[in-house]
file start.cif (mmCIF, C-alpha atoms)
data_my_file
#
loop_
_atom_site.label_atom_id
_atom_site.label_comp_id
_atom_site.auth_asym_id
_atom_site.auth_seq_id
_atom_site.Cartn_x
_atom_site.Cartn_y
_atom_site.Cartn_z
CA MET A 1 68.97 117.12 108.99
CA THR A 2 70.15 117.34 105.40
CA GLN A 3 72.81 114.76 106.20
CA ILE A 4 70.20 112.29 105.01
CA PHE A 5 71.30 113.19 101.48
CA ASP A 6 74.85 112.09 102.29
CA THR A 7 73.53 108.87 103.79
CA LEU A 8 71.43 108.20 100.70
CA ALA A 9 74.38 108.95 98.45
CA GLN A 10 76.70 106.70 100.45
CA GLU A 11 74.29 103.80 100.06
CA GLN A 12 74.19 104.12 96.30
CA ILE A 13 77.73 105.07 95.41
CA ARG A 14 79.73 102.26 93.83
CA LYS A 15 83.22 101.67 95.02
CA ASP A 16 84.34 99.85 91.88
CA ILE A 17 84.39 102.86 89.55
CA PRO A 18 87.88 103.53 88.13
CA VAL A 19 89.40 107.00 88.12
CA PHE A 20 88.83 108.73 84.82
CA ARG A 21 88.19 112.23 83.55
CA ALA A 22 87.21 114.14 80.46
CA GLY A 23 89.52 113.29 77.58
CA ASP A 24 89.91 109.64 78.52
CA THR A 25 88.70 106.88 76.27
CA VAL A 26 86.53 104.34 78.07
CA LYS A 27 84.70 101.10 77.38
CA VAL A 28 81.37 101.06 79.18
CA HIS A 29 79.84 97.62 79.67
CA VAL A 30 76.10 98.26 79.79
CA ARG A 31 73.59 95.69 80.97
CA ILE A 32 70.74 95.41 78.51
CA ARG A 33 67.58 93.61 79.51
CA GLU A 34 65.57 92.03 76.70
CA GLY A 35 62.50 90.40 78.14
CA ASP A 36 63.91 88.28 80.93
CA LYS A 37 67.31 87.84 79.32
CA GLU A 38 70.23 90.06 80.14
CA ARG A 39 73.26 90.73 77.99
CA ILE A 40 76.18 93.12 78.02
CA GLN A 41 76.65 95.78 75.39
CA LEU A 42 79.84 97.74 74.93
CA PHE A 43 79.88 101.46 74.36
CA THR A 44 83.35 102.74 73.60
CA GLY A 45 84.18 106.38 73.25
CA LEU A 46 85.69 109.54 74.56
CA VAL A 47 84.52 110.98 77.87
CA ILE A 48 83.65 114.58 77.14
CA ALA A 49 82.14 115.56 80.49
CA ARG A 50 81.47 114.52 84.05
CA ASP A 51 78.54 116.23 85.69
CA GLY A 52 77.29 116.58 89.21
CA GLY A 53 78.44 114.73 92.27
CA GLY A 54 77.40 112.17 94.81
CA ALA A 55 75.13 109.36 93.75
CA THR A 56 73.64 111.37 90.89
CA GLU A 57 76.92 112.02 89.07
CA THR A 58 76.81 111.36 85.33
CA PHE A 59 79.35 111.19 82.53
CA THR A 60 78.98 111.72 78.82
CA VAL A 61 80.66 109.44 76.30
CA ARG A 62 80.99 110.50 72.67
CA ARG A 63 81.82 108.31 69.74
CA GLU A 64 81.59 108.39 65.99
CA SER A 65 79.27 105.72 64.66
CA PHE A 66 78.76 105.32 60.89
CA GLY A 67 79.85 108.88 60.33
CA GLU A 68 77.38 110.15 62.89
CA GLY A 69 78.40 111.57 66.27
CA VAL A 70 76.68 109.69 69.10
CA GLU A 71 76.67 110.79 72.72
CA ARG A 72 75.39 108.81 75.66
CA VAL A 73 74.98 110.06 79.19
CA PHE A 74 75.41 107.42 81.89
CA PRO A 75 74.65 107.76 85.58
CA LEU A 76 78.07 106.97 87.04
CA HIS A 77 76.75 104.79 89.85
CA SER A 78 74.04 103.06 87.86
CA PRO A 79 73.59 99.34 88.54
CA MET A 80 73.03 99.00 84.79
CA ILE A 81 76.73 99.56 84.24
CA GLU A 82 78.54 96.26 84.53
CA LYS A 83 81.94 97.90 84.53
CA ILE A 84 83.96 100.75 83.08
CA GLU A 85 87.36 100.18 81.49
CA VAL A 86 89.74 103.05 80.92
CA ASP A 87 91.50 102.44 77.59
CA ARG A 88 93.50 105.56 77.21
CA LYS A 89 94.23 108.70 79.19
CA GLY A 90 93.91 111.88 77.20
CA ARG A 91 95.79 115.12 77.58
CA VAL A 92 93.18 117.86 77.79
CA ARG A 93 93.14 121.27 79.39
CA ARG A 94 89.49 121.59 80.27
CA ALA A 95 86.82 119.64 82.10
CA LYS A 96 84.15 119.74 79.40
CA LEU A 97 85.15 118.90 75.85
CA TYR A 98 82.03 120.22 74.16
CA TYR A 99 84.25 121.87 71.54
CA LEU A 100 84.75 118.45 69.99
CA ARG A 101 81.13 118.38 68.89
CA GLY A 102 81.74 120.61 65.92
CA ARG A 103 84.80 118.71 64.80
CA ARG A 104 85.38 115.53 62.86
CA GLY A 105 88.29 113.27 61.98
CA LYS A 106 91.74 114.43 62.91
CA LYS A 107 90.53 117.71 64.42
CA ALA A 108 88.53 115.75 66.97
CA LYS A 109 91.63 113.94 68.23
CA VAL A 110 92.74 114.16 71.83
CA ARG A 111 96.46 113.67 72.51
CA GLU A 112 97.48 110.87 74.83
CA LEU A 113 98.68 111.74 78.28
CA ARG A 114 102.38 110.98 78.67
CA ALA A 115 103.65 110.13 82.10
CA THR A 116 106.13 112.76 83.22
CA MET B 1 47.37 105.42 112.09
CA ILE B 2 46.71 107.93 109.45
CA GLY B 3 49.17 110.75 109.35
CA LEU B 4 52.29 112.61 110.34
CA ILE B 5 53.62 116.13 110.31
CA GLY B 6 56.95 116.63 108.59
CA ARG B 7 59.21 118.84 106.58
CA LYS B 8 60.19 118.67 102.94
CA LEU B 9 63.96 118.19 102.95
CA GLY B 10 64.52 118.37 99.22
CA MET B 11 64.74 116.19 96.14
CA THR B 12 67.25 113.76 94.73
CA ARG B 13 67.39 110.64 92.58
CA VAL B 14 67.49 107.04 93.65
CA PHE B 15 68.09 103.79 91.74
CA ASP B 16 65.27 101.27 91.83
CA ALA B 17 65.52 97.49 91.63
CA GLU B 18 65.61 97.62 87.83
CA GLY B 19 68.47 100.10 87.83
CA ARG B 20 66.35 103.03 86.72
CA GLN B 21 66.75 106.38 88.39
CA ILE B 22 63.66 107.64 90.12
CA PRO B 23 63.13 111.26 91.14
CA VAL B 24 62.23 111.37 94.81
CA THR B 25 61.27 113.95 97.40
CA VAL B 26 62.79 113.38 100.82
CA ILE B 27 60.34 114.10 103.61
CA GLY B 28 61.52 114.18 107.19
CA ALA B 29 58.38 113.20 109.07
CA GLY B 30 57.80 112.83 112.76
CA PRO B 31 58.26 111.70 115.39
CA CYS B 32 54.95 113.25 116.42
CA THR B 33 53.23 112.96 119.76
CA VAL B 34 49.50 112.74 120.15
CA VAL B 35 48.73 115.85 122.15
CA GLN B 36 44.98 115.56 122.24
CA ARG B 37 42.41 112.99 121.36
CA LYS B 38 39.15 114.40 120.04
CA THR B 39 36.15 112.16 120.31
CA ALA B 40 32.77 112.17 118.63
CA ASP B 41 31.09 112.37 122.03
CA ARG B 42 32.87 115.45 123.24
CA ASP B 43 34.03 117.24 120.09
CA GLY B 44 31.61 115.97 117.47
CA TYR B 45 34.24 114.12 115.44
CA ASP B 46 37.08 111.66 115.91
CA ALA B 47 40.56 113.04 115.46
CA VAL B 48 43.99 113.29 116.99
CA GLN B 49 46.01 116.44 117.42
CA LEU B 50 49.68 115.80 116.75
CA GLY B 51 52.62 117.82 118.01
CA PHE B 52 55.79 118.12 115.94
CA GLU B 53 59.19 119.69 116.62
CA GLU B 54 59.86 120.21 120.27
CA GLN B 55 60.18 123.78 121.44
CA LYS B 56 61.34 125.50 124.62
CA ALA B 57 58.33 126.30 126.76
CA SER B 58 59.44 129.92 127.01
CA ARG B 59 59.10 130.32 123.25
CA VAL B 60 55.49 129.19 123.14
CA ALA B 61 52.41 130.97 124.43
CA LYS B 62 51.69 129.76 127.97
CA ALA B 63 48.27 128.52 126.96
CA GLU B 64 49.76 126.40 124.19
CA ALA B 65 52.54 125.08 126.40
CA GLY B 66 49.98 124.07 129.01
CA HIS B 67 47.91 122.38 126.33
CA SER B 68 50.90 120.34 125.09
CA ARG B 69 51.86 119.34 128.62
CA LYS B 70 48.50 117.70 129.21
CA ALA B 71 49.83 114.84 127.11
CA GLY B 72 53.39 114.75 128.43
CA GLU B 73 56.51 116.74 129.15
CA LYS B 74 57.18 118.05 125.66
CA VAL B 75 56.08 121.38 124.25
CA PHE B 76 55.68 121.57 120.48
CA LYS B 77 56.21 124.17 117.80
CA VAL B 78 53.64 122.75 115.42
CA LEU B 79 50.22 121.31 116.24
CA ARG B 80 48.02 119.80 113.54
CA GLU B 81 44.90 117.69 113.56
CA PHE B 82 44.32 114.44 111.70
CA ARG B 83 40.92 112.82 111.35
CA LEU B 84 40.69 109.25 112.56
CA ASP B 85 39.18 106.55 110.40
CA GLU B 86 36.52 104.21 111.66
CA GLY B 87 37.98 101.94 114.32
CA GLU B 88 41.27 103.77 114.64
CA THR B 89 42.38 105.18 117.92
CA ALA B 90 45.42 106.61 119.62
CA GLU B 91 45.80 107.75 123.18
CA ALA B 92 47.21 111.14 124.08
CA GLY B 93 50.92 110.83 124.78
CA THR B 94 51.66 108.12 122.18
CA GLU B 95 54.53 108.82 119.86
CA LEU B 96 54.05 108.19 116.14
CA THR B 97 56.87 107.65 113.68
CA VAL B 98 57.30 106.96 109.98
CA ALA B 99 57.25 103.26 110.86
CA GLN B 100 53.46 103.46 110.54
CA PHE B 101 53.89 103.93 106.78
CA GLU B 102 55.88 100.76 106.24
CA GLY B 103 54.05 98.62 103.76
CA VAL B 104 51.94 101.56 102.59
CA ARG B 105 52.20 102.02 98.81
CA HIS B 106 50.73 105.46 98.30
CA LEU B 107 50.53 108.69 100.28
CA ASP B 108 48.81 112.03 100.04
CA VAL B 109 50.93 115.05 100.93
CA THR B 110 49.43 118.40 101.89
CA ALA B 111 51.47 121.60 102.03
CA THR B 112 51.40 125.29 101.28
CA SER B 113 52.62 125.83 97.73
CA LYS B 114 55.37 128.28 96.88
CA GLY B 115 54.02 131.83 96.67
CA ARG B 116 54.38 133.42 93.26
CA GLY B 117 52.72 136.72 94.05
CA PHE B 118 50.23 138.50 91.80
CA GLN B 119 50.48 136.81 88.44
CA GLY B 120 48.81 137.22 85.08
CA VAL B 121 46.57 134.76 83.42
CA MET B 122 49.32 133.01 81.43
CA LYS B 123 51.36 131.92 84.42
CA ARG B 124 48.44 131.45 86.76
CA HIS B 125 46.02 129.57 84.53
CA GLY B 126 48.20 128.49 81.64
CA HIS B 127 46.45 130.64 79.03
CA ARG B 128 48.29 130.85 75.75
CA GLY B 129 48.27 134.61 75.28
CA GLY B 130 48.70 136.17 71.88
CA PRO B 131 51.44 136.28 69.24
CA ALA B 132 54.62 137.96 70.40
CA THR B 133 55.32 139.60 67.03
CA HIS B 134 53.76 140.59 63.71
CA GLY B 135 52.28 143.70 65.30
CA SER B 136 49.70 141.81 67.28
CA GLY B 137 49.80 144.15 70.28
CA TRP B 138 47.95 141.49 72.28
CA HIS B 139 50.56 139.57 74.18
CA ARG B 140 49.76 138.26 77.67
CA ARG B 141 46.20 139.51 78.18
CA PRO B 142 43.29 137.42 79.41
CA GLY B 143 41.02 138.25 76.42
CA SER B 144 37.26 138.46 76.60
CA ILE B 145 35.76 137.75 79.98
CA GLY B 146 32.13 137.51 78.95
CA GLN B 147 29.21 138.53 76.72
CA ARG B 148 27.21 141.75 76.40
CA THR B 149 24.08 143.39 77.89
CA TRP B 150 22.97 139.93 78.73
CA PRO B 151 24.12 138.72 81.20
CA SER B 152 25.82 142.08 81.89
CA ARG B 153 27.99 140.53 84.52
CA VAL B 154 31.10 138.39 84.69
CA PHE B 155 30.48 134.77 85.58
CA LYS B 156 31.83 133.54 88.87
CA GLY B 157 35.06 131.59 88.70
CA MET B 158 36.27 133.43 85.58
CA LYS B 159 40.01 132.88 85.29
CA MET B 160 41.67 136.20 85.94
CA PRO B 161 44.99 137.55 87.19
CA GLY B 162 45.62 137.41 90.93
CA GLN B 163 47.54 135.73 93.72
CA HIS B 164 49.28 132.59 92.49
CA GLY B 165 50.60 129.96 94.87
CA ASN B 166 50.88 130.25 98.66
CA ARG B 167 47.72 128.22 99.10
CA GLN B 168 47.12 124.77 100.45
CA VAL B 169 47.77 122.06 97.89
CA THR B 170 47.39 118.31 98.30
CA THR B 171 49.25 115.98 95.96
CA GLN B 172 47.46 112.66 95.92
CA ASN B 173 48.65 109.12 95.36
CA LEU B 174 52.38 109.69 95.64
CA GLU B 175 54.20 106.41 95.36
CA VAL B 176 56.27 105.49 98.42
CA VAL B 177 59.79 104.58 97.33
CA GLN B 178 61.38 104.02 100.72
CA VAL B 179 60.51 104.35 104.39
CA ARG B 180 63.53 104.80 106.65
CA PRO B 181 62.51 104.60 110.30
CA GLU B 182 66.14 104.94 111.43
CA ASP B 183 66.35 108.41 109.84
CA SER B 184 62.61 109.09 110.29
CA VAL B 185 62.45 109.89 106.62
CA ILE B 186 60.12 108.92 103.77
CA LEU B 187 61.11 108.91 100.10
CA VAL B 188 58.22 109.62 97.81
CA ARG B 189 58.26 109.51 94.02
CA GLY B 190 57.91 112.87 92.34
CA ALA B 191 57.40 116.38 93.61
CA VAL B 192 55.66 117.64 96.71
CA PRO B 193 54.14 121.13 97.06
CA GLY B 194 56.02 123.90 98.84
CA PRO B 195 59.62 124.95 99.31
CA THR B 196 62.43 122.86 100.75
CA GLY B 197 62.12 123.16 104.52
CA GLY B 198 58.38 123.74 104.27
CA LEU B 199 55.89 122.05 106.57
CA VAL B 200 54.04 119.08 105.06
CA LEU B 201 51.26 116.84 106.27
CA VAL B 202 51.61 113.22 105.20
CA ARG B 203 48.63 110.88 105.15
CA ARG B 204 47.91 107.46 103.85
CA SER B 205 46.43 107.92 100.38
CA LEU B 206 42.69 108.50 100.40
CA LYS B 207 42.15 106.76 97.08
CA LYS B 208 44.92 104.17 97.03
CA GLY B 209 45.65 103.91 100.72
CA ALA B 210 44.12 100.51 101.42
CA VAL B 211 46.80 98.36 103.02
CA ALA B 212 47.48 95.26 100.98
#
call {"tool": "encode", "arguments": {"input": "start.cif", "output": "structure tokens"}}
result
Amino acid sequence: MTQIFDTLAQEQIRKDIPVFRAGDTVKVHVRIREGDKERIQLFTGLVIARDGGGATETFTVRRESFGEGVERVFPLHSPMIEKIEVDRKGRVRRAKLYYLRGRRGKKAKVRELRAT
Amino acid sequence: MIGLIGRKLGMTRVFDAEGRQIPVTVIGAGPCTVVQRKTADRDGYDAVQLGFEEQKASRVAKAEAGHSRKAGEKVFKVLREFRLDEGETAEAGTELTVAQFEGVRHLDVTATSKGRGFQGVMKRHGHRGGPATHGSGWHRRPGSIGQRTWPSRVFKGMKMPGQHGNRQVTTQNLEVVQVRPEDSVILVRGAVPGPTGGLVLVRRSLKKGAVA
């Protein structure tokens, strides 16, 4: 009977999401609704976590904005996301990069993944 | 029609038309068969008795199995009664599904809440208790429960420790997010009393149930 949750997830999951993981730098095109007008806003930053699975999966993007660390959590399959672009693959050894939170500048750098 | 028996299948989130995520409870309701029709003439009130979840006849008391069979072949695990509104009727033997809730905006859901055992006044009634530190020595107690020689008794209904949960709770005016007749499932916004897998009774909302 709980297969209903799979059915519900299948209906909501988007097929156009690129493959990316923690450590990658992404551009998230977010739909913003102002009154009855809609525009696209870009949020660029480093993916520091992906959480959950199925239709409720989320990912966290971190960026430095005016010297202040900003994190945004997006539902991966949200219709409010126009698209996700993967700018850069990072070489990281863990799934959650929360250790970057305490770091700034060069210490908060993630090395680029080199194809082997 | 006015109600269905079902089970709480759990919670998840669903995107609405505006792209927002809405917390929903998934209720697997019906199909239920009308086992008995109670009439004002014979029983003093108008109601239907619904059967839910078919069961092998050998697993049910013979009296109950016989009772179920009056309306058809099936024998049911769960039997519950639903009052009929003025002008409503349903013959014994009719099968009811979640399709009856299509177009309905709000539902009331009745279930037995999760049992929490014998609990103090803070958990059970939301009292604040006392300071944890600074030598107060008065942490989670109920405090004064009354006056003195007059009235020399404790007023009825005083909030005290005791059994918490495991009682019948009705959550009213739950917004219907989706009705899925093909899965015989209803998605309702927000939480519903009781554990996942618990029995729930779903009715059209008493206060907001008028069909538009």
call {"tool": "interface_residues", "arguments": {"input": "start.cif", "of": "chain A", "to": "chain B", "cutoff": "10 Å", "atoms": "all atoms listed in the file", "output": "list in words"}}
result
Met1, Thr2, Gln3, Ile4, Phe5, Thr7, Leu8, Ala9, Glu11, Gln12, Arg31, Arg33, Ala55, Thr56, Pro75, His77, Ser78, Pro79, Met80 and Ile81 of chain A
call {"tool": "resolve_selection", "arguments": {"input": "start.cif", "expression": "the PyMOL selection byres ((chain A and resi 43) around 8)", "output": "ChimeraX atom specification"}}
result
/A:27-30,41-42,44-45
call {"tool": "atom_distance", "arguments": {"input": "start.cif", "atom1": "CA of Ser205 in chain B", "atom2": "CA of Gly3 in chain B"}}
result
9.8 Å
call {"tool": "atom_distance", "arguments": {"input": "start.cif", "atom1": "CA of Leu79 in chain B", "atom2": "CA of Ile5 in chain B"}}
result
8.6 Å
call {"tool": "atom_distance", "arguments": {"input": "start.cif", "atom1": "CA of Arg72 in chain A", "atom2": "CA of Glu34 in chain A"}}
result
19.5 Å
call {"tool": "resolve_selection", "arguments": {"input": "start.cif", "expression": "the PyMOL selection byres ((chain A and resi 25) around 9)", "output": "MDAnalysis selection string"}}
result
chainID A and resid 20 22:24 26:27 44:47 61 85:90
call {"tool": "closest_residue", "arguments": {"input": "start.cif", "among": "B:Val75, B:Ser152, B:Val104, B:Asn166", "to": "Arg116 in chain B", "atoms": "only C-alpha atoms"}}
result
B:Asn166
call {"tool": "resolve_selection", "arguments": {"input": "start.cif", "expression": "the PyMOL selection byres ((chain B and resi 146) around 12)", "output": "list in words"}}
result
Pro142, Gly143, Ser144, Ile145, Gln147, Arg148, Thr149, Trp150, Pro151, Ser152, Arg153, Val154, Phe155, Lys156, Gly157, Met158, Lys159 and Met160 of chain B
call {"tool": "residues_around", "arguments": {"input": "start.cif", "residues": "range 119-129 of chain B", "least_positions_apart": "5", "cutoff": "8 Å", "atoms": "all atoms listed in the file", "output": "compact mmCIF listing (two decimals) with C-alpha atoms, in the frame of the given file"}}
result
# COMPACT_ATOMS: atom_id res chain seq x y z
CA TRP B 138 47.95 141.49 72.28
CA HIS B 139 50.56 139.57 74.18
CA ARG B 140 49.76 138.26 77.67
CA ARG B 141 46.20 139.51 78.18
CA PRO B 142 43.29 137.42 79.41
CA LYS B 159 40.01 132.88 85.29
CA MET B 160 41.67 136.20 85.94
CA PRO B 161 44.99 137.55 87.19
CA GLY B 162 45.62 137.41 90.93
CA GLN B 163 47.54 135.73 93.72
CA HIS B 164 49.28 132.59 92.49
call {"tool": "closest_residue", "arguments": {"input": "start.cif", "among": "B:Ser68, B:Thr110, B:Thr196, B:Gln55", "to": "Thr170 in chain B", "atoms": "only C-alpha atoms"}}
result
B:Thr110
call {"tool": "residues_near_point", "arguments": {"input": "start.cif", "point": "(87.8, 116.7, 77.3)", "cutoff": "6 Å", "atoms": "only C-alpha atoms", "output": "VMD selection string"}}
result
chain A and resid 22 to 23 48 92 94 to 97
call {"tool": "closest_residue", "arguments": {"input": "start.cif", "among": "A:Arg91, A:Lys107, A:Arg101, A:Arg114", "to": "Arg62 in chain A", "atoms": "all atoms listed in the file"}}
result
A:Arg101
call {"tool": "closest_residue", "arguments": {"input": "start.cif", "among": "B:Pro131, B:Gly51, B:Pro23, B:Gly103", "to": "Val179 in chain B", "atoms": "only C-alpha atoms"}}
result
B:Gly103
call {"tool": "residues_around", "arguments": {"input": "start.cif", "residues": "Arg203 in chain B", "least_positions_apart": "6", "cutoff": "10 Å", "atoms": "all atoms listed in the file", "output": "list in words"}}
result
Met1, Ile2, Gly3, Leu4, Ile5, Phe82, Phe101, His106, Leu107, Asp108, Val109, Thr110, Gln172, Asn173 and Gly209 of chain B
call {"tool": "write_last_selection", "arguments": {"input": "start.cif", "atoms": "C-alpha atoms", "output": "PDB file, in the coordinates of the input"}}
result
ATOM      1  CA  MET B   1      47.370 105.420 112.090  1.00  0.00           C
ATOM      2  CA  ILE B   2      46.710 107.930 109.450  1.00  0.00           C
ATOM      3  CA  GLY B   3      49.170 110.750 109.350  1.00  0.00           C
ATOM      4  CA  LEU B   4      52.290 112.610 110.340  1.00  0.00           C
ATOM      5  CA  ILE B   5      53.620 116.130 110.310  1.00  0.00           C
ATOM      6  CA  PHE B  82      44.320 114.440 111.700  1.00  0.00           C
ATOM      7  CA  PHE B 101      53.890 103.930 106.780  1.00  0.00           C
ATOM      8  CA  HIS B 106      50.730 105.460  98.300  1.00  0.00           C
ATOM      9  CA  LEU B 107      50.530 108.690 100.280  1.00  0.00           C
ATOM     10  CA  ASP B 108      48.810 112.030 100.040  1.00  0.00           C
ATOM     11  CA  VAL B 109      50.930 115.050 100.930  1.00  0.00           C
ATOM     12  CA  THR B 110      49.430 118.400 101.890  1.00  0.00           C
ATOM     13  CA  GLN B 172      47.460 112.660  95.920  1.00  0.00           C
ATOM     14  CA  ASN B 173      48.650 109.120  95.360  1.00  0.00           C
ATOM     15  CA  GLY B 209      45.650 103.910 100.720  1.00  0.00           C
TER      16      GLY B 209
END
call {"tool": "decode", "arguments": {"input": "start.cif", "residues": "range 73-127 of chain B", "atoms": "C-alpha atoms", "output": "PDB file, in the first residue's frame"}}
result
ATOM      1  CA  GLU B  73     -20.571 -11.757   0.049  1.00  0.00           C
ATOM      2  CA  LYS B  74     -17.797  -9.885   1.802  1.00  0.00           C
ATOM      3  CA  VAL B  75     -16.871 -10.120   5.468  1.00  0.00           C
ATOM      4  CA  PHE B  76     -15.146  -7.103   6.976  1.00  0.00           C
ATOM      5  CA  LYS B  77     -12.499  -6.488   9.589  1.00  0.00           C
ATOM      6  CA  VAL B  78     -13.721  -3.031  10.516  1.00  0.00           C
ATOM      7  CA  LEU B  79     -17.298  -1.831  10.904  1.00  0.00           C
ATOM      8  CA  ARG B  80     -18.090   1.798  11.670  1.00  0.00           C
ATOM      9  CA  GLU B  81     -21.233   3.887  11.608  1.00  0.00           C
ATOM     10  CA  PHE B  82     -21.733   7.224   9.882  1.00  0.00           C
ATOM     11  CA  ARG B  83     -24.740   9.440  10.470  1.00  0.00           C
ATOM     12  CA  LEU B  84     -26.683  10.389   7.378  1.00  0.00           C
ATOM     13  CA  ASP B  85     -27.585  13.988   6.666  1.00  0.00           C
ATOM     14  CA  GLU B  86     -31.089  15.054   5.801  1.00  0.00           C
ATOM     15  CA  GLY B  87     -32.045  13.643   2.419  1.00  0.00           C
ATOM     16  CA  GLU B  88     -29.045  11.380   2.077  1.00  0.00           C
ATOM     17  CA  THR B  89     -29.448   7.689   1.620  1.00  0.00           C
ATOM     18  CA  ALA B  90     -27.495   4.615   0.656  1.00  0.00           C
ATOM     19  CA  GLU B  91     -28.716   1.081   0.279  1.00  0.00           C
ATOM     20  CA  ALA B  92     -27.007  -1.840   1.973  1.00  0.00           C
ATOM     21  CA  GLY B  93     -24.546  -3.437  -0.418  1.00  0.00           C
ATOM     22  CA  THR B  94     -23.445  -0.220  -2.171  1.00  0.00           C
ATOM     23  CA  GLU B  95     -19.733   0.336  -2.401  1.00  0.00           C
ATOM     24  CA  LEU B  96     -18.356   3.766  -1.523  1.00  0.00           C
ATOM     25  CA  THR B  97     -15.000   5.081  -2.674  1.00  0.00           C
ATOM     26  CA  VAL B  98     -12.928   8.233  -2.318  1.00  0.00           C
ATOM     27  CA  ALA B  99     -14.597   9.462  -5.511  1.00  0.00           C
ATOM     28  CA  GLN B 100     -17.354  10.837  -3.282  1.00  0.00           C
ATOM     29  CA  PHE B 101     -14.886  13.434  -1.979  1.00  0.00           C
ATOM     30  CA  GLU B 102     -14.030  14.860  -5.378  1.00  0.00           C
ATOM     31  CA  GLY B 103     -14.840  18.523  -5.373  1.00  0.00           C
ATOM     32  CA  VAL B 104     -14.965  18.615  -1.579  1.00  0.00           C
ATOM     33  CA  ARG B 105     -12.622  21.294  -0.195  1.00  0.00           C
ATOM     34  CA  HIS B 106     -12.436  20.403   3.476  1.00  0.00           C
ATOM     35  CA  LEU B 107     -12.620  17.232   5.545  1.00  0.00           C
ATOM     36  CA  ASP B 108     -12.803  16.256   9.182  1.00  0.00           C
ATOM     37  CA  VAL B 109     -10.645  13.312  10.212  1.00  0.00           C
ATOM     38  CA  THR B 110     -11.285  11.311  13.367  1.00  0.00           C
ATOM     39  CA  ALA B 111      -8.742   8.887  14.811  1.00  0.00           C
ATOM     40  CA  THR B 112      -7.240   7.609  18.021  1.00  0.00           C
ATOM     41  CA  SER B 113      -4.235   9.750  18.901  1.00  0.00           C
ATOM     42  CA  LYS B 114      -0.839   8.267  19.679  1.00  0.00           C
ATOM     43  CA  GLY B 115      -0.687   7.042  23.273  1.00  0.00           C
ATOM     44  CA  ARG B 116       1.896   8.815  25.395  1.00  0.00           C
ATOM     45  CA  GLY B 117       1.206   7.023  28.652  1.00  0.00           C
ATOM     46  CA  PHE B 118       0.989   8.693  32.053  1.00  0.00           C
ATOM     47  CA  GLN B 119       2.422  12.155  31.598  1.00  0.00           C
ATOM     48  CA  GLY B 120       3.009  15.154  33.817  1.00  0.00           C
ATOM     49  CA  VAL B 121       1.337  18.461  33.534  1.00  0.00           C
ATOM     50  CA  MET B 122       4.010  20.052  31.314  1.00  0.00           C
ATOM     51  CA  LYS B 123       3.703  17.571  28.469  1.00  0.00           C
ATOM     52  CA  ARG B 124       0.009  16.906  28.906  1.00  0.00           C
ATOM     53  CA  HIS B 125      -1.315  20.428  29.344  1.00  0.00           C
ATOM     54  CA  GLY B 126       1.589  22.573  28.222  1.00  0.00           C
ATOM     55  CA  HIS B 127       2.262  24.109  31.646  1.00  0.00           C
TER      56      HIS B 127
END
